[in-house]
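K.L.:
Starting off with a structure, shown below.
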Amino acid sequence: MYTAAIIIQRLVWVSGLVQITTGLLFWTGNVLALIPLHMLNGLVLALLLWSLVRLAARAGVHPGYVSLAVVWGIVVPVFGLTQSGMLVGPWHWVIQVAHLLVGMGAMGQAEGLARRIKGRPQLRPAAVA
Ligand code: HEM
């Protein structure tokens with residue numbers, strides 16, 4: 001479980017960096033053909049977060065953190081899929097910033113869960129060995 005948490009934590013970073021990079025390129029009107037890839041990778045990120053949720057629940061991480069991450073994993077794809085129709089017009093940038101922050105929030109949730117899983121005394125490598 002410890003190793004799985006490390007692997008998923010790293011995959012979240014890779015996926016998240018791809019999201020931020022492609023997203024910022026979209027923002028400046030570039031590589032719009034990659035939007036479907038961005039959406040697919042966003043779903044992967046949400047699934048990675050849910051994988052950590054499962055590990056965290058099994059590791060006994062506080063249910064508050066686990067529940068928040070469950071909800072966040074739903075909000076990320078739902079917001080991502082619906083954002084283009086929100087506040088259309090000069091204020092659409094507010095939605096774009098919110099979308100970026102929600103996405104980065106997912107990365108933060110994943111990071112927090114992974115650290116808490118790895119911090120469980122019974123899962124530290126010395127205790128496992
Ligand atoms: C399932 C999840 C996601 C979906 C479906 C999704 C979908 C989209 C779509 C369709 C766009 C283009 C919007 C437009 O041009 O009008 C976009 C842009 C963008 N995305 Fe995502 N996204 C997801 C996750 C993420 C995540 C996790 C991040 C960051 C960690 C992110 C960061 C961005 C940024 C910075 C932009 C450019 C600004 C904007 O248009 O909002 N996205 N996303």
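In the structure tokens, the first chain shown is A, the next is B, and so on; residue numbers restart at 1 for each chain, and ligands run from 1 in the order shown.
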Write out as a list in words the residues lying within 9 Å of segment 16-21 of chain A, counting only C-alpha atoms and excluding same-chain residues fewer than 6 positions away.
P.N.:
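Close residues of segment 16-21 of chain A: His38, Met39, Asn41, Gly42, Leu45, Leu100, Gly103, Met104, Ala106 and Met107 of chain A.
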K.L.:
Keeping N, CA, C and O atoms, export the residues of the selection given above as a tab-separated table (two decimals), in the first residue's frame.
P.N.:
```tsv
chain	number	residue	atom	x	y	z
A	38	HIS	N	-6.71	16.49	-23.13
A	38	HIS	CA	-6.76	17.16	-21.83
A	38	HIS	C	-7.94	16.64	-21.00
A	38	HIS	O	-7.82	16.38	-19.81
A	39	MET	N	-9.08	16.44	-21.67
A	39	MET	CA	-10.27	15.96	-20.96
A	39	MET	C	-10.06	14.52	-20.48
A	39	MET	O	-10.40	14.18	-19.35
A	41	ASN	N	-7.17	13.04	-19.92
A	41	ASN	CA	-6.17	13.04	-18.85
A	41	ASN	C	-6.77	13.57	-17.54
A	41	ASN	O	-6.40	13.14	-16.45
A	42	GLY	N	-7.74	14.51	-17.66
A	42	GLY	CA	-8.42	15.01	-16.46
A	42	GLY	C	-9.20	13.90	-15.78
A	42	GLY	O	-9.21	13.81	-14.54
A	45	LEU	N	-6.82	11.76	-13.97
A	45	LEU	CA	-6.40	12.38	-12.71
A	45	LEU	C	-7.46	12.14	-11.62
A	45	LEU	O	-7.14	11.82	-10.47
A	100	LEU	N	-8.95	26.11	-13.16
A	100	LEU	CA	-7.53	25.85	-12.85
A	100	LEU	C	-7.37	25.55	-11.35
A	100	LEU	O	-6.70	24.59	-10.96
A	103	GLY	N	-8.72	22.18	-10.41
A	103	GLY	CA	-7.78	21.14	-10.87
A	103	GLY	C	-6.56	21.05	-9.97
A	103	GLY	O	-6.15	19.95	-9.58
A	104	MET	N	-6.00	22.21	-9.61
A	104	MET	CA	-4.84	22.19	-8.73
A	104	MET	C	-5.24	21.69	-7.33
A	104	MET	O	-4.45	21.05	-6.63
A	106	ALA	N	-7.34	19.34	-6.83
A	106	ALA	CA	-7.33	17.87	-6.91
A	106	ALA	C	-5.92	17.34	-6.70
A	106	ALA	O	-5.71	16.33	-6.01
A	107	MET	N	-4.95	18.05	-7.28
A	107	MET	CA	-3.55	17.64	-7.08
A	107	MET	C	-3.18	17.77	-5.60
A	107	MET	O	-2.50	16.90	-5.04
```
K.L.:
Could you give me, as a tab-separated table, every chain A residue with an atom at most 9 Å from ligand 1, plus its closest atom pair and distance in Å to one decimal, counting only C-alpha atoms and all ligand atoms, rows ordered by chain then number?
P.N.:
```
residue	atom	partner	partner_atom_place_in_ligand_line	distance
A:Ser15	CA	ligand 1	27 (C)	8.0
A:Gly16	CA	ligand 1	30 (C)	4.8
A:Leu17	CA	ligand 1	30 (C)	6.8
A:Val18	CA	ligand 1	30 (C)	7.9
A:Gln19	CA	ligand 1	28 (C)	4.7
A:Ile20	CA	ligand 1	29 (C)	4.6
A:Thr21	CA	ligand 1	35 (C)	7.3
A:Thr22	CA	ligand 1	34 (C)	7.0
A:Gly23	CA	ligand 1	36 (C)	3.3
A:Leu24	CA	ligand 1	35 (C)	4.8
A:Leu25	CA	ligand 1	37 (C)	7.1
A:Phe26	CA	ligand 1	37 (C)	5.2
A:Trp27	CA	ligand 1	37 (C)	4.5
A:Thr28	CA	ligand 1	37 (C)	8.1
A:Gly29	CA	ligand 1	15 (O)	7.9
A:Leu32	CA	ligand 1	15 (O)	7.3
A:Ile35	CA	ligand 1	10 (C)	5.9
A:Pro36	CA	ligand 1	10 (C)	7.4
A:His38	CA	ligand 1	22 (N)	6.1
A:Met39	CA	ligand 1	5 (C)	4.1
A:Leu40	CA	ligand 1	1 (C)	6.5
A:Asn41	CA	ligand 1	1 (C)	6.9
A:Gly42	CA	ligand 1	2 (C)	3.5
A:Leu43	CA	ligand 1	1 (C)	4.1
A:Val44	CA	ligand 1	1 (C)	7.5
A:Leu45	CA	ligand 1	27 (C)	6.5
A:Ala46	CA	ligand 1	1 (C)	6.7
A:Gly73	CA	ligand 1	1 (C)	8.9
A:Ile74	CA	ligand 1	1 (C)	8.9
A:Val75	CA	ligand 1	2 (C)	8.7
A:Val76	CA	ligand 1	2 (C)	5.2
A:Pro77	CA	ligand 1	1 (C)	3.4
A:Val78	CA	ligand 1	1 (C)	7.0
A:Phe79	CA	ligand 1	5 (C)	7.2
A:Gly80	CA	ligand 1	4 (C)	3.6
A:Leu81	CA	ligand 1	5 (C)	4.4
A:Thr82	CA	ligand 1	5 (C)	7.9
A:Gln83	CA	ligand 1	13 (C)	7.1
A:Ser84	CA	ligand 1	16 (O)	4.7
A:Gly85	CA	ligand 1	16 (O)	8.2
A:His92	CA	ligand 1	41 (O)	8.6
A:Trp93	CA	ligand 1	41 (O)	7.4
A:Val94	CA	ligand 1	41 (O)	8.7
A:Ile95	CA	ligand 1	41 (O)	6.4
A:Gln96	CA	ligand 1	41 (O)	3.3
A:Val97	CA	ligand 1	41 (O)	6.2
A:Ala98	CA	ligand 1	41 (O)	7.4
A:His99	CA	ligand 1	41 (O)	5.2
A:Leu100	CA	ligand 1	32 (C)	4.5
A:Leu101	CA	ligand 1	29 (C)	7.1
A:Val102	CA	ligand 1	27 (C)	7.1
A:Gly103	CA	ligand 1	27 (C)	3.5
A:Met104	CA	ligand 1	30 (C)	4.4
A:Gly105	CA	ligand 1	30 (C)	7.6
A:Ala106	CA	ligand 1	27 (C)	6.6
A:Met107	CA	ligand 1	30 (C)	6.7
```
K.L.:
Quick one: write out the picked residues with C-alpha atoms as a PDB file, in the first residue's frame?
P.N.:
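out08.pdb, freshly written:
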```
ATOM      1  CA  SER A  15      -0.924  14.037 -15.071  1.00  0.00           C
ATOM      2  CA  GLY A  16      -1.419  17.382 -13.267  1.00  0.00           C
ATOM      3  CA  LEU A  17       1.570  19.008 -14.953  1.00  0.00           C
ATOM      4  CA  VAL A  18       0.271  17.865 -18.350  1.00  0.00           C
ATOM      5  CA  GLN A  19      -3.120  19.392 -17.445  1.00  0.00           C
ATOM      6  CA  ILE A  20      -1.657  22.723 -16.357  1.00  0.00           C
ATOM      7  CA  THR A  21       0.643  22.928 -19.389  1.00  0.00           C
ATOM      8  CA  THR A  22      -2.026  22.037 -21.958  1.00  0.00           C
ATOM      9  CA  GLY A  23      -4.603  24.200 -20.131  1.00  0.00           C
ATOM     10  CA  LEU A  24      -2.351  27.268 -20.190  1.00  0.00           C
ATOM     11  CA  LEU A  25      -1.707  26.643 -23.898  1.00  0.00           C
ATOM     12  CA  PHE A  26      -5.493  26.542 -24.509  1.00  0.00           C
ATOM     13  CA  TRP A  27      -5.828  29.744 -22.523  1.00  0.00           C
ATOM     14  CA  THR A  28      -3.492  31.478 -24.960  1.00  0.00           C
ATOM     15  CA  GLY A  29      -5.378  30.003 -27.935  1.00  0.00           C
ATOM     16  CA  LEU A  32      -6.841  23.486 -29.103  1.00  0.00           C
ATOM     17  CA  ILE A  35      -8.592  19.484 -25.719  1.00  0.00           C
ATOM     18  CA  PRO A  36      -9.916  15.875 -25.969  1.00  0.00           C
ATOM     19  CA  HIS A  38      -6.759  17.163 -21.827  1.00  0.00           C
ATOM     20  CA  MET A  39     -10.269  15.962 -20.958  1.00  0.00           C
ATOM     21  CA  LEU A  40      -9.223  12.313 -20.993  1.00  0.00           C
ATOM     22  CA  ASN A  41      -6.174  13.039 -18.846  1.00  0.00           C
ATOM     23  CA  GLY A  42      -8.415  15.014 -16.459  1.00  0.00           C
ATOM     24  CA  LEU A  43     -10.565  11.906 -16.013  1.00  0.00           C
ATOM     25  CA  VAL A  44      -7.411   9.869 -15.386  1.00  0.00           C
ATOM     26  CA  LEU A  45      -6.405  12.381 -12.706  1.00  0.00           C
ATOM     27  CA  ALA A  46      -9.814  12.032 -11.029  1.00  0.00           C
ATOM     28  CA  GLY A  73     -12.971  13.754  -7.564  1.00  0.00           C
ATOM     29  CA  ILE A  74     -16.566  14.284  -8.735  1.00  0.00           C
ATOM     30  CA  VAL A  75     -16.355  18.083  -8.957  1.00  0.00           C
ATOM     31  CA  VAL A  76     -13.227  18.075 -11.188  1.00  0.00           C
ATOM     32  CA  PRO A  77     -14.730  16.223 -14.187  1.00  0.00           C
ATOM     33  CA  VAL A  78     -18.246  17.686 -13.768  1.00  0.00           C
ATOM     34  CA  PHE A  79     -16.877  21.240 -13.665  1.00  0.00           C
ATOM     35  CA  GLY A  80     -14.441  20.491 -16.481  1.00  0.00           C
ATOM     36  CA  LEU A  81     -17.211  19.163 -18.730  1.00  0.00           C
ATOM     37  CA  THR A  82     -19.654  22.022 -18.041  1.00  0.00           C
ATOM     38  CA  GLN A  83     -17.387  25.062 -17.626  1.00  0.00           C
ATOM     39  CA  SER A  84     -17.416  26.191 -21.259  1.00  0.00           C
ATOM     40  CA  GLY A  85     -21.120  27.118 -20.950  1.00  0.00           C
ATOM     41  CA  HIS A  92     -15.597  33.822 -18.467  1.00  0.00           C
ATOM     42  CA  TRP A  93     -12.044  34.234 -17.173  1.00  0.00           C
ATOM     43  CA  VAL A  94     -13.480  33.794 -13.631  1.00  0.00           C
ATOM     44  CA  ILE A  95     -14.633  30.291 -14.623  1.00  0.00           C
ATOM     45  CA  GLN A  96     -11.261  29.604 -16.265  1.00  0.00           C
ATOM     46  CA  VAL A  97      -9.407  30.586 -13.084  1.00  0.00           C
ATOM     47  CA  ALA A  98     -11.867  28.536 -10.990  1.00  0.00           C
ATOM     48  CA  HIS A  99     -11.301  25.531 -13.278  1.00  0.00           C
ATOM     49  CA  LEU A 100      -7.531  25.852 -12.847  1.00  0.00           C
ATOM     50  CA  LEU A 101      -7.881  26.183  -9.054  1.00  0.00           C
ATOM     51  CA  VAL A 102     -10.254  23.198  -8.806  1.00  0.00           C
ATOM     52  CA  GLY A 103      -7.780  21.145 -10.873  1.00  0.00           C
ATOM     53  CA  MET A 104      -4.838  22.188  -8.726  1.00  0.00           C
ATOM     54  CA  GLY A 105      -7.006  21.459  -5.695  1.00  0.00           C
ATOM     55  CA  ALA A 106      -7.332  17.868  -6.915  1.00  0.00           C
ATOM     56  CA  MET A 107      -3.551  17.640  -7.084  1.00  0.00           C
TER      57      MET A 107
END
```
K.L.:
Give me, as a PyMOL selection string, all polymer residues having an atom no more than 12 Å from Gln9 of chain A, counting only C-alpha atoms and skipping those fewer than 4 positions away in the same chain.
P.N.:
chain A and resi 1-5+13-16+45+48-53+55+106-118
K.L.:
To one decimal place, how far is atom CA of Leu37 of chain A from atom CA of Gly89 of chain A in Å?
P.N.:
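It comes out at 25.3 Å.
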K.L.:
For a test of reading the model, state the distance in Å between atom CA of Leu47 of chain A and atom CA of Gly64 of chain A, rounded to one decimal.
P.N.:
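For atom CA of Leu47 of chain A relative to atom CA of Gly64 of chain A, the distance reads 19.0 Å.
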K.L.:
Just the number, please: distance in Å from atom CA of Arg58 of chain A to atom CA of Arg120 of chain A, one decimal.
P.N.:
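Calculated distance between atom CA of Arg58 of chain A and atom CA of Arg120 of chain A is 10.9 Å.
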